[in-house]
$ cat my_file_5.cif   # mmCIF, C-alpha atoms
data_run
#
loop_
_atom_site.group_PDB
_atom_site.id
_atom_site.type_symbol
_atom_site.label_atom_id
_atom_site.label_comp_id
_atom_site.auth_asym_id
_atom_site.auth_seq_id
_atom_site.Cartn_x
_atom_site.Cartn_y
_atom_site.Cartn_z
ATOM 1 C CA MET A 1287 13.477 -17.401 -19.263
ATOM 2 C CA LYS A 1288 13.871 -16.602 -15.598
ATOM 3 C CA LYS A 1289 16.318 -13.754 -16.307
ATOM 4 C CA LEU A 1290 14.073 -12.497 -19.125
ATOM 5 C CA GLY A 1291 11.093 -12.521 -16.762
ATOM 6 C CA LYS A 1292 13.007 -10.619 -14.097
ATOM 7 C CA SER A 1293 14.232 -8.012 -16.586
ATOM 8 C CA PHE A 1294 10.716 -7.663 -17.982
ATOM 9 C CA TRP A 1295 9.182 -6.900 -14.584
ATOM 10 C CA ILE A 1296 11.969 -4.477 -13.699
ATOM 11 C CA VAL A 1297 11.253 -2.577 -16.938
ATOM 12 C CA ILE A 1298 7.524 -2.687 -16.144
ATOM 13 C CA GLY A 1299 8.298 -1.307 -12.680
ATOM 14 C CA ILE A 1300 10.334 1.585 -14.103
ATOM 15 C CA ALA A 1301 7.607 2.310 -16.651
ATOM 16 C CA SER A 1302 4.965 2.241 -13.902
ATOM 17 C CA VAL A 1303 6.925 4.764 -11.815
ATOM 18 C CA PHE A 1304 7.245 6.960 -14.922
ATOM 19 C CA PHE A 1305 3.483 6.881 -15.508
ATOM 20 C CA LEU A 1306 2.841 7.554 -11.820
ATOM 21 C CA ILE A 1307 4.981 10.676 -12.153
ATOM 22 C CA LEU A 1308 2.952 11.700 -15.225
ATOM 23 C CA ILE A 1309 -0.295 11.277 -13.264
ATOM 24 C CA ILE A 1310 1.089 13.399 -10.415
ATOM 25 C CA VAL A 1311 2.422 16.127 -12.738
ATOM 26 C CA SER A 1312 -0.847 16.200 -14.695
ATOM 27 C CA ALA A 1313 -2.888 16.526 -11.499
ATOM 28 C CA VAL A 1314 -0.634 19.268 -10.124
ATOM 29 C CA LEU A 1315 -0.766 21.253 -13.387
ATOM 30 C CA ASP A 1316 -4.552 20.900 -13.503
ATOM 31 C CA LEU A 1317 -4.918 22.189 -9.953
ATOM 32 C CA GLY A 1318 -2.349 24.915 -10.619
ATOM 33 C CA GLU A 1319 -4.382 26.243 -13.544
ATOM 34 C CA LYS A 1320 -7.444 26.507 -11.320
ATOM 35 C CA ILE A 1321 -5.484 28.295 -8.580
ATOM 36 C CA ALA A 1322 -4.068 30.709 -11.183
ATOM 37 C CA ARG A 1323 -7.602 32.058 -11.682
ATOM 38 C CA ILE A 1324 -7.383 33.433 -8.136
ATOM 39 C CA HIS A 1325 -3.861 34.900 -8.419
ATOM 40 C CA VAL A 1326 -0.757 33.989 -10.409
ATOM 41 C CA TYR A 1327 1.501 34.145 -7.318
ATOM 42 C CA LEU A 1328 -0.708 31.579 -5.582
ATOM 43 C CA GLU A 1329 -0.066 29.298 -8.544
ATOM 44 C CA TYR A 1330 3.707 29.720 -8.167
ATOM 45 C CA ALA A 1331 3.489 29.069 -4.424
ATOM 46 C CA PHE A 1332 1.388 25.974 -5.110
ATOM 47 C CA TYR A 1333 4.022 24.592 -7.495
ATOM 48 C CA VAL A 1334 6.797 25.185 -4.939
ATOM 49 C CA VAL A 1335 4.829 23.409 -2.189
ATOM 50 C CA SER A 1336 3.954 20.605 -4.632
ATOM 51 C CA GLY A 1337 7.640 20.154 -5.482
ATOM 52 C CA VAL A 1338 8.576 19.829 -1.809
ATOM 53 C CA LEU A 1339 5.726 17.382 -1.172
ATOM 54 C CA PHE A 1340 6.695 15.413 -4.303
ATOM 55 C CA PHE A 1341 10.172 14.901 -2.894
ATOM 56 C CA PHE A 1342 9.054 13.855 0.591
ATOM 57 C CA LEU A 1343 5.962 11.830 -0.391
ATOM 58 C CA PHE A 1344 7.201 10.206 -3.624
ATOM 59 C CA ILE A 1345 10.932 10.407 -4.287
ATOM 60 C CA ARG A 1346 12.112 9.807 -0.707
ATOM 61 C CA PRO A 1347 9.898 6.719 -0.081
ATOM 62 C CA ILE A 1348 11.011 5.166 -3.376
ATOM 63 C CA PHE A 1349 14.705 5.553 -2.535
ATOM 64 C CA THR A 1350 14.098 4.276 1.003
ATOM 65 C CA ILE A 1351 12.568 1.133 -0.487
ATOM 66 C CA LEU A 1352 15.209 0.651 -3.192
ATOM 67 C CA LEU A 1353 18.158 1.167 -0.827
ATOM 68 C CA SER A 1354 16.864 -1.358 1.726
ATOM 69 C CA PRO A 1355 18.496 -4.830 1.648
ATOM 70 C CA SER A 1356 16.640 -7.681 -0.061
ATOM 71 C CA PHE A 1357 16.421 -11.427 0.256
ATOM 72 C CA SER A 1358 18.013 -13.338 -2.602
ATOM 73 C CA ILE A 1359 15.233 -15.836 -3.255
ATOM 74 C CA ASP A 1360 15.944 -19.008 -5.206
ATOM 75 C CA HIS A 1361 13.359 -21.805 -5.082
ATOM 76 C CA LEU A 1362 15.793 -24.268 -6.694
ATOM 77 C CA PHE A 1363 17.536 -24.654 -3.350
ATOM 78 C CA THR A 1364 16.303 -27.040 -0.699
ATOM 79 C CA GLU A 1365 15.051 -25.545 2.556
ATOM 80 C CA GLU A 1366 18.407 -26.152 4.264
ATOM 81 C CA GLN A 1367 20.451 -24.770 1.346
ATOM 82 C CA ASN A 1368 18.169 -21.761 1.101
ATOM 83 C CA ALA A 1369 18.485 -21.137 4.847
ATOM 84 C CA ARG A 1370 22.297 -21.197 4.640
ATOM 85 C CA LYS A 1371 22.254 -18.919 1.595
ATOM 86 C CA ASN A 1372 20.137 -16.282 3.380
ATOM 87 C CA TYR A 1373 21.577 -16.749 6.881
ATOM 88 C CA LYS A 1374 23.097 -13.251 7.064
ATOM 89 C CA MET A 1375 19.790 -11.681 6.112
ATOM 90 C CA TYR A 1376 17.891 -13.850 8.608
ATOM 91 C CA LYS A 1377 20.255 -12.645 11.357
ATOM 92 C CA LYS A 1378 19.743 -9.027 10.345
ATOM 93 C CA VAL A 1379 15.965 -9.485 10.343
ATOM 94 C CA ALA A 1380 16.162 -11.245 13.701
ATOM 95 C CA LYS A 1381 18.163 -8.382 15.249
ATOM 96 C CA ASN A 1382 15.633 -5.867 13.896
ATOM 97 C CA LEU A 1383 12.762 -7.864 15.391
ATOM 98 C CA LEU A 1384 14.456 -8.117 18.780
ATOM 99 C CA GLU A 1385 14.250 -4.308 19.009
ATOM 100 C CA GLU A 1386 10.483 -4.239 18.350
ATOM 101 C CA ASP A 1387 8.132 -3.679 21.280
ATOM 102 C CA TYR A 1388 5.265 -5.724 19.849
ATOM 103 C CA LEU A 1389 7.176 -9.029 20.100
ATOM 104 C CA SER A 1390 6.567 -11.019 23.284
ATOM 105 C CA ASP A 1391 9.391 -12.245 25.508
ATOM 106 C CA GLU A 1392 8.580 -15.754 24.282
ATOM 107 C CA ASP A 1393 9.090 -14.735 20.642
ATOM 108 C CA LYS A 1394 12.331 -12.937 21.436
ATOM 109 C CA GLY A 1395 13.555 -15.931 23.418
ATOM 110 C CA LEU A 1396 12.827 -18.226 20.456
ATOM 111 C CA ILE A 1397 14.850 -15.956 18.158
ATOM 112 C CA GLU A 1398 17.788 -15.796 20.579
ATOM 113 C CA LEU A 1399 17.836 -19.597 20.941
ATOM 114 C CA SER A 1400 17.782 -20.108 17.150
ATOM 115 C CA ILE A 1401 20.056 -17.309 15.984
ATOM 116 C CA THR A 1402 23.180 -19.480 15.702
ATOM 117 C CA ASP A 1403 21.530 -22.048 13.394
ATOM 118 C CA SER A 1404 20.351 -20.931 9.950
ATOM 119 C CA LEU A 1405 17.590 -23.548 9.515
ATOM 120 C CA LYS A 1406 16.258 -23.185 13.064
ATOM 121 C CA LEU A 1407 16.293 -19.394 12.684
ATOM 122 C CA LYS A 1408 14.352 -19.570 9.411
ATOM 123 C CA ARG A 1409 11.714 -21.806 11.014
ATOM 124 C CA ALA A 1410 11.562 -19.552 14.088
ATOM 125 C CA LEU A 1411 11.027 -16.463 11.923
ATOM 126 C CA SER A 1412 8.350 -18.282 9.913
ATOM 127 C CA ASN A 1413 6.553 -19.263 13.122
ATOM 128 C CA ILE A 1414 6.763 -15.728 14.553
ATOM 129 C CA PHE A 1415 5.560 -14.307 11.236
ATOM 130 C CA ASP A 1416 2.374 -16.398 11.407
ATOM 131 C CA LYS A 1417 1.757 -15.723 15.096
ATOM 132 C CA THR A 1418 2.815 -12.097 15.595
ATOM 133 C CA ILE A 1419 4.389 -10.211 12.692
ATOM 134 C CA LYS A 1420 1.535 -10.820 10.259
ATOM 135 C CA LYS A 1421 -0.922 -9.276 12.733
ATOM 136 C CA GLU A 1422 1.299 -6.229 13.223
ATOM 137 C CA LEU A 1423 1.722 -5.692 9.484
ATOM 138 C CA ASN A 1424 -2.019 -6.156 8.979
ATOM 139 C CA LYS A 1425 -2.650 -3.332 11.465
ATOM 140 C CA MET A 1426 -0.463 -1.069 9.323
ATOM 141 C CA ILE A 1427 -2.211 -2.190 6.116
ATOM 142 C CA VAL A 1428 -5.671 -1.619 7.613
ATOM 143 C CA SER A 1429 -4.632 1.785 8.999
ATOM 144 C CA HIS A 1430 -3.426 2.990 5.588
ATOM 145 C CA ALA A 1431 -6.541 1.577 3.893
ATOM 146 C CA GLU A 1432 -8.657 3.562 6.365
ATOM 147 C CA THR A 1433 -6.795 6.716 5.338
ATOM 148 C CA VAL A 1434 -7.440 5.905 1.666
ATOM 149 C CA TYR A 1435 -11.125 5.275 2.389
ATOM 150 C CA ILE A 1436 -11.653 8.510 4.317
ATOM 151 C CA SER A 1437 -9.584 10.634 1.909
ATOM 152 C CA THR A 1438 -11.258 9.409 -1.287
ATOM 153 C CA ALA A 1439 -14.748 9.238 0.242
ATOM 154 C CA ILE A 1440 -14.571 12.909 1.264
ATOM 155 C CA SER A 1441 -12.853 14.076 -1.938
ATOM 156 C CA GLN A 1442 -15.022 14.880 -4.948
ATOM 157 C CA ASN A 1443 -12.129 15.066 -7.410
ATOM 158 C CA GLY A 1444 -10.738 12.065 -9.297
ATOM 159 C CA ARG A 1445 -7.295 13.657 -9.683
ATOM 160 C CA LEU A 1446 -7.036 14.233 -5.933
ATOM 161 C CA ASP A 1447 -8.163 10.642 -5.324
ATOM 162 C CA ALA A 1448 -5.368 9.374 -7.580
ATOM 163 C CA LEU A 1449 -2.782 11.524 -5.767
ATOM 164 C CA ALA A 1450 -4.023 10.279 -2.384
ATOM 165 C CA VAL A 1451 -3.892 6.636 -3.482
ATOM 166 C CA ILE A 1452 -0.363 6.975 -4.915
ATOM 167 C CA THR A 1453 1.141 8.731 -1.888
ATOM 168 C CA ILE A 1454 -0.626 6.586 0.740
ATOM 169 C CA ASN A 1455 0.245 3.310 -0.998
ATOM 170 C CA LEU A 1456 3.888 4.356 -1.353
ATOM 171 C CA LYS A 1457 3.941 5.299 2.318
ATOM 172 C CA LEU A 1458 2.423 1.902 3.160
ATOM 173 C CA ILE A 1459 5.057 -0.013 1.185
ATOM 174 C CA LYS A 1460 7.828 2.072 2.766
ATOM 175 C CA SER A 1461 6.377 1.473 6.252
ATOM 176 C CA LEU A 1462 6.192 -2.297 5.700
ATOM 177 C CA VAL A 1463 9.770 -2.378 4.398
ATOM 178 C CA PHE A 1464 10.989 -0.212 7.295
ATOM 179 C CA LYS A 1465 9.183 -2.393 9.853
ATOM 180 C CA CYS A 1466 10.729 -5.593 8.461
ATOM 181 C CA GLY A 1467 14.159 -4.161 7.713
ATOM 182 C CA PHE A 1468 14.319 -5.498 4.159
ATOM 183 C CA ARG A 1469 12.518 -5.084 0.827
ATOM 184 C CA PRO A 1470 11.067 -7.477 -1.764
ATOM 185 C CA SER A 1471 13.155 -8.397 -4.816
ATOM 186 C CA TYR A 1472 13.320 -5.991 -7.767
ATOM 187 C CA LEU A 1473 11.053 -8.382 -9.689
ATOM 188 C CA SER A 1474 8.439 -8.148 -6.934
ATOM 189 C CA LEU A 1475 8.862 -4.363 -6.718
ATOM 190 C CA GLY A 1476 8.155 -4.178 -10.452
ATOM 191 C CA LYS A 1477 4.874 -6.018 -9.935
ATOM 192 C CA LEU A 1478 4.051 -3.854 -6.913
ATOM 193 C CA SER A 1479 4.653 -0.699 -8.974
ATOM 194 C CA LEU A 1480 2.190 -1.943 -11.575
ATOM 195 C CA ASN A 1481 -0.349 -2.602 -8.810
ATOM 196 C CA VAL A 1482 0.067 0.934 -7.444
ATOM 197 C CA LEU A 1483 -0.289 2.389 -10.961
ATOM 198 C CA SER A 1484 -3.457 0.414 -11.733
ATOM 199 C CA THR A 1485 -4.910 1.377 -8.345
ATOM 200 C CA ALA A 1486 -4.230 5.083 -9.043
ATOM 201 C CA ILE A 1487 -5.820 4.861 -12.505
ATOM 202 C CA ILE A 1488 -8.919 3.172 -11.088
ATOM 203 C CA ALA A 1489 -9.126 5.766 -8.294
ATOM 204 C CA GLU A 1490 -9.023 8.588 -10.844
ATOM 205 C CA ASN A 1491 -11.848 7.066 -12.889
ATOM 206 C CA LEU A 1492 -14.126 5.927 -10.071
ATOM 207 C CA GLU A 1493 -15.394 9.517 -9.854
ATOM 208 C CA GLU A 1494 -17.079 9.128 -13.253
ATOM 209 C CA MET A 1495 -18.633 5.743 -12.482
ATOM 210 C CA ASP A 1496 -22.407 5.484 -12.131
ATOM 211 C CA PHE A 1497 -22.931 3.080 -9.253
ATOM 212 C CA SER A 1498 -26.685 2.911 -9.878
ATOM 213 C CA GLU A 1499 -25.910 1.137 -13.153
ATOM 214 C CA ILE A 1500 -23.651 -1.379 -11.423
ATOM 215 C CA PHE A 1501 -26.212 -2.141 -8.689
ATOM 216 C CA PRO A 1502 -29.590 -1.712 -10.451
ATOM 217 C CA SER A 1503 -31.863 -2.173 -7.457
ATOM 218 C CA SER A 1504 -34.934 -0.073 -6.766
ATOM 219 C CA SER A 1505 -33.402 1.396 -3.592
ATOM 220 C CA ILE A 1506 -30.226 2.562 -5.359
ATOM 221 C CA ASN A 1507 -32.089 3.803 -8.437
ATOM 222 C CA ALA A 1508 -34.236 5.870 -6.107
ATOM 223 C CA LEU A 1509 -31.121 7.906 -5.319
ATOM 224 C CA LYS A 1510 -31.474 9.495 -8.764
ATOM 225 C CA GLU A 1511 -34.345 11.477 -7.287
ATOM 226 C CA MET A 1512 -32.204 12.486 -4.291
ATOM 227 C CA PRO A 1513 -29.017 14.188 -5.603
ATOM 228 C CA LEU A 1514 -27.410 14.721 -2.174
ATOM 229 C CA LEU A 1515 -27.816 11.089 -1.097
ATOM 230 C CA LYS A 1516 -26.669 9.938 -4.519
ATOM 231 C CA THR A 1517 -23.452 11.977 -4.151
ATOM 232 C CA VAL A 1518 -22.807 10.741 -0.613
ATOM 233 C CA THR A 1519 -23.456 7.104 -1.531
ATOM 234 C CA GLY A 1520 -21.259 7.399 -4.618
ATOM 235 C CA SER A 1521 -18.428 8.916 -2.581
ATOM 236 C CA PHE A 1522 -18.605 6.138 0.017
ATOM 237 C CA ALA A 1523 -18.641 3.523 -2.750
ATOM 238 C CA GLN A 1524 -15.547 5.117 -4.307
ATOM 239 C CA GLY A 1525 -13.849 5.097 -0.916
ATOM 240 C CA ILE A 1526 -14.662 1.419 -0.432
ATOM 241 C CA GLY A 1527 -13.312 0.541 -3.886
ATOM 242 C CA ASN A 1528 -10.067 2.442 -3.307
ATOM 243 C CA ALA A 1529 -9.649 0.969 0.185
ATOM 244 C CA LEU A 1530 -10.089 -2.563 -1.191
ATOM 245 C CA LEU A 1531 -7.424 -2.007 -3.844
ATOM 246 C CA SER A 1532 -5.051 -0.484 -1.275
ATOM 247 C CA LEU A 1533 -5.571 -3.481 0.999
ATOM 248 C CA ARG A 1534 -4.622 -5.718 -1.913
ATOM 249 C CA VAL A 1535 -1.430 -3.710 -2.566
ATOM 250 C CA GLY A 1536 -0.448 -3.932 1.111
ATOM 251 C CA ILE A 1537 -1.164 -7.663 1.357
ATOM 252 C CA ILE A 1538 0.823 -8.409 -1.805
ATOM 253 C CA CYS A 1539 3.754 -6.380 -0.449
ATOM 254 C CA ARG A 1540 3.557 -8.168 2.920
ATOM 255 C CA ASN A 1541 3.518 -11.573 1.224
ATOM 256 C CA TYR A 1542 6.398 -10.654 -1.083
ATOM 257 C CA LEU A 1543 8.438 -9.666 1.975
ATOM 258 C CA PHE A 1544 7.967 -13.083 3.580
ATOM 259 C CA MET A 1545 7.619 -15.239 0.491
ATOM 260 C CA ASP A 1546 10.995 -16.859 1.121
ATOM 261 C CA LEU A 1547 10.044 -17.740 4.691
ATOM 262 C CA LYS A 1548 6.620 -19.070 3.706
ATOM 263 C CA GLY A 1549 7.576 -20.830 0.472
ATOM 264 C CA LEU A 1550 4.703 -19.257 -1.478
ATOM 265 C CA ASN A 1551 5.024 -18.689 -5.203
ATOM 266 C CA LYS A 1552 4.035 -15.420 -6.841
ATOM 267 C CA ASN A 1553 0.856 -16.812 -8.431
ATOM 268 C CA GLN A 1554 -0.417 -17.984 -5.047
ATOM 269 C CA ILE A 1555 0.353 -14.576 -3.544
ATOM 270 C CA ARG A 1556 -1.586 -12.781 -6.285
ATOM 271 C CA LYS A 1557 -4.617 -15.059 -6.061
ATOM 272 C CA LEU A 1558 -4.865 -15.050 -2.272
ATOM 273 C CA ALA A 1559 -4.359 -11.292 -1.844
ATOM 274 C CA PHE A 1560 -7.792 -10.271 -3.122
ATOM 275 C CA GLY A 1561 -9.584 -12.828 -0.942
ATOM 276 C CA GLU A 1562 -7.740 -11.642 2.168
ATOM 277 C CA ALA A 1563 -8.444 -8.018 1.236
ATOM 278 C CA MET A 1564 -12.168 -8.812 1.145
ATOM 279 C CA ILE A 1565 -11.908 -10.287 4.658
ATOM 280 C CA LEU A 1566 -10.174 -7.155 6.009
ATOM 281 C CA LEU A 1567 -12.465 -4.699 4.176
ATOM 282 C CA PRO A 1568 -15.372 -4.758 6.712
ATOM 283 C CA ARG A 1569 -12.874 -3.941 9.471
ATOM 284 C CA VAL A 1570 -11.602 -0.970 7.446
ATOM 285 C CA ILE A 1571 -15.122 0.333 6.797
ATOM 286 C CA ALA A 1572 -16.224 -0.064 10.426
ATOM 287 C CA GLN A 1573 -13.162 1.689 11.859
ATOM 288 C CA SER A 1574 -13.268 4.409 9.192
ATOM 289 C CA MET A 1575 -16.914 5.210 9.904
ATOM 290 C CA LYS A 1576 -16.054 5.635 13.596
ATOM 291 C CA LYS A 1577 -13.246 8.037 12.731
ATOM 292 C CA MET A 1578 -15.155 9.934 10.021
ATOM 293 C CA PRO A 1579 -17.042 12.348 12.365
ATOM 294 C CA SER A 1580 -13.869 13.392 14.200
ATOM 295 C CA ARG A 1581 -12.019 13.827 10.889
ATOM 296 C CA LEU A 1582 -14.833 15.988 9.489
ATOM 297 C CA LYS A 1583 -15.057 17.967 12.730
ATOM 298 C CA GLY A 1584 -11.319 18.655 12.628
ATOM 299 C CA PHE A 1585 -11.499 19.600 8.953
ATOM 300 C CA PHE A 1586 -14.375 22.081 9.319
ATOM 301 C CA GLY A 1587 -12.906 23.333 12.606
ATOM 302 C CA LYS A 1588 -9.785 24.448 10.749
ATOM 303 C CA ILE A 1589 -11.907 26.233 8.129
ATOM 304 C CA PHE A 1590 -14.221 28.071 10.533
#
$ encode --input "my_file_5.cif" --output "structure tokens"
Amino acid sequence: MKKLGKSFWIVIGIASVFFLILIIVSAVLDLGEKIARIHVYLEYAFYVVSGVLFFFLFIRPIFTILLSPSFSIDHLFTEEQNARKNYKMYKKVAKNLLEEDYLSDEDKGLIELSITDSLKLKRALSNIFDKTIKKELNKMIVSHAETVYISTAISQNGRLDALAVITINLKLIKSLVFKCGFRPSYLSLGKLSLNVLSTAIIAENLEEMDFSEIFPSSSINALKEMPLLKTVTGSFAQGIGNALLSLRVGIICRNYLFMDLKGLNKNQIRKLAFGEAMILLPRVIAQSMKKMPSRLKGFFGKIF
């Protein structure tokens, strides 16, 4: 059953990547048709630029993730057996961490003292993960969620929202993998791919959602009489929804990366991710609102 489950999620992961490609191609073709109304050569140029961006923003991150080393997780082992089994990977992770600037001298000293003993090194990495690494990865997750929030709040096109969510979430996963020096298992990557796909589908359809029907209060219903405020409020709500889902993707990826160190099972990771995303969401909104004026100023400055 375990092998069947692993194969199933790998197939789901491949299928999710395939559908993500379909979403991207569909969005590009839709935008290309609109550009063709201006001039056919602009359409051709758009497709060329889209192809280059597709390689750098989609294909390259995926191969970076897949070609990174992975922990071989097996919960049937005891802690000591598991530590011995993954000792080489622990040492590689430890060496990567020793090169990071955000680790304190105390953390680096703990790693250096434990690096010759597999069990001590595992416990040292687990301790440093809780105290330091988790905070650093959370900064990256929040930063990418801010980008998702600002991008999808400003955009008034569901297809563009889906493209933004796909590329930013892939970049986030790649950044987390690159920071840690290893990737989750293929089974976990399959589940992550499904999360990215579902997030992109939701982002594409949030544009058509009537938020006054979801929150039927007199103040929100009053927006029906104020089209501009209704549009702005709807855009911000879409941005918040997309940011929340991106936070969840990042947190699940982070937990998959350190599941072996923490001893969490996949069901616990899935259940806790949404709750933690809700805790981080106010921070994303607050920081995004501070950055929004400068982003808009830069955007309109380039136009005018």
$ closest_residue --input "my_file_5.cif" --among "A:Ser1474, A:Ser1412, A:Asn1368, A:Thr1453" --to "Phe1341 in chain A" --atoms "only C-alpha atoms"
A:Thr1453
$ resolve_selection --input "my_file_5.cif" --expression "the PyMOL selection byres ((chain A and resi 1486) around 9)" --output "PyMOL selection string"
chain A and resi 1306+1309+1447-1452+1481-1485+1487-1491+1528
$ closest_residue --input "my_file_5.cif" --among "A:Phe1464, A:Tyr1542, A:Tyr1435, A:Phe1304" --to "Leu1478 in chain A" --atoms "all atoms listed in the file"
A:Tyr1542
$ closest_residue --input "my_file_5.cif" --among "A:Cys1466, A:Ile1436, A:Val1303, A:Ile1459" --to "Tyr1376 in chain A" --atoms "only C-alpha atoms"
A:Cys1466
$ closest_residue --input "my_file_5.cif" --among "A:Ile1298, A:Leu1567, A:Leu1405, A:Leu1343" --to "Lys1371 in chain A" --atoms "all atoms listed in the file"
A:Leu1405
$ atom_distance --input "my_file_5.cif" --atom1 "CA of Phe1344 in chain A" --atom2 "CA of Arg1556 in chain A"
24.8 Å
$ resolve_selection --input "my_file_5.cif" --expression "the PyMOL selection byres ((chain A and resi 1379-1381) around 9)" --output "PyMOL selection string"
chain A and resi 1374-1378+1382-1385+1394+1397-1398+1401+1407+1411+1466-1468
$ write_last_selection --input "my_file_5.cif" --atoms "C-alpha atoms" --output "short mmCIF file (atom, residue, chain, number, x, y, z; two decimals), in the coordinates of the input"
data_model
loop_
_atom_site.label_atom_id
_atom_site.label_comp_id
_atom_site.auth_asym_id
_atom_site.auth_seq_id
_atom_site.Cartn_x
_atom_site.Cartn_y
_atom_site.Cartn_z
CA LYS A 1374 23.10 -13.25 7.06
CA MET A 1375 19.79 -11.68 6.11
CA TYR A 1376 17.89 -13.85 8.61
CA LYS A 1377 20.26 -12.64 11.36
CA LYS A 1378 19.74 -9.03 10.34
CA ASN A 1382 15.63 -5.87 13.90
CA LEU A 1383 12.76 -7.86 15.39
CA LEU A 1384 14.46 -8.12 18.78
CA GLU A 1385 14.25 -4.31 19.01
CA LYS A 1394 12.33 -12.94 21.44
CA ILE A 1397 14.85 -15.96 18.16
CA GLU A 1398 17.79 -15.80 20.58
CA ILE A 1401 20.06 -17.31 15.98
CA LEU A 1407 16.29 -19.39 12.68
CA LEU A 1411 11.03 -16.46 11.92
CA CYS A 1466 10.73 -5.59 8.46
CA GLY A 1467 14.16 -4.16 7.71
CA PHE A 1468 14.32 -5.50 4.16
#
$ atom_distance --input "my_file_5.cif" --atom1 "CA of Ile1440 in chain A" --atom2 "CA of Phe1522 in chain A"
8.0 Å
$ atom_distance --input "my_file_5.cif" --atom1 "CA of Leu1396 in chain A" --atom2 "CA of Tyr1373 in chain A"
16.2 Å
$ closest_residue --input "my_file_5.cif" --among "A:Ile1526, A:Ile1321, A:Val1311, A:Leu1543" --to "Ser1356 in chain A" --atoms "all atoms listed in the file"
A:Leu1543
$ residues_around --input "my_file_5.cif" --residues "Leu1458 in chain A" --least-positions-apart "5" --cutoff "8 Å" --atoms "all atoms listed in the file" --output "CSV table (one decimal) with C-alpha atoms, keeping the file's coordinate frame"
chain,number,residue,atom,x,y,z
A,1426,MET,CA,-0.5,-1.1,9.3
A,1427,ILE,CA,-2.2,-2.2,6.1
A,1430,HIS,CA,-3.4,3.0,5.6
A,1536,GLY,CA,-0.4,-3.9,1.1
$ resolve_selection --input "my_file_5.cif" --expression "the PyMOL selection byres ((chain A and resi 1562) around 10)" --output "ChimeraX atom specification"
/A:1530,1533-1534,1537-1538,1557-1561,1563-1567
$ closest_residue --input "my_file_5.cif" --among "A:Val1434, A:Leu1423, A:Ile1345, A:Val1297" --to "Ile1310 in chain A" --atoms "all atoms listed in the file"
A:Ile1345
$ residues_around --input "my_file_5.cif" --residues "Ser1302 in chain A" --least-positions-apart "6" --cutoff "8 Å" --atoms "only C-alpha atoms" --output "list in words"
Gly1476, Ser1479, Leu1480 and Leu1483 of chain A
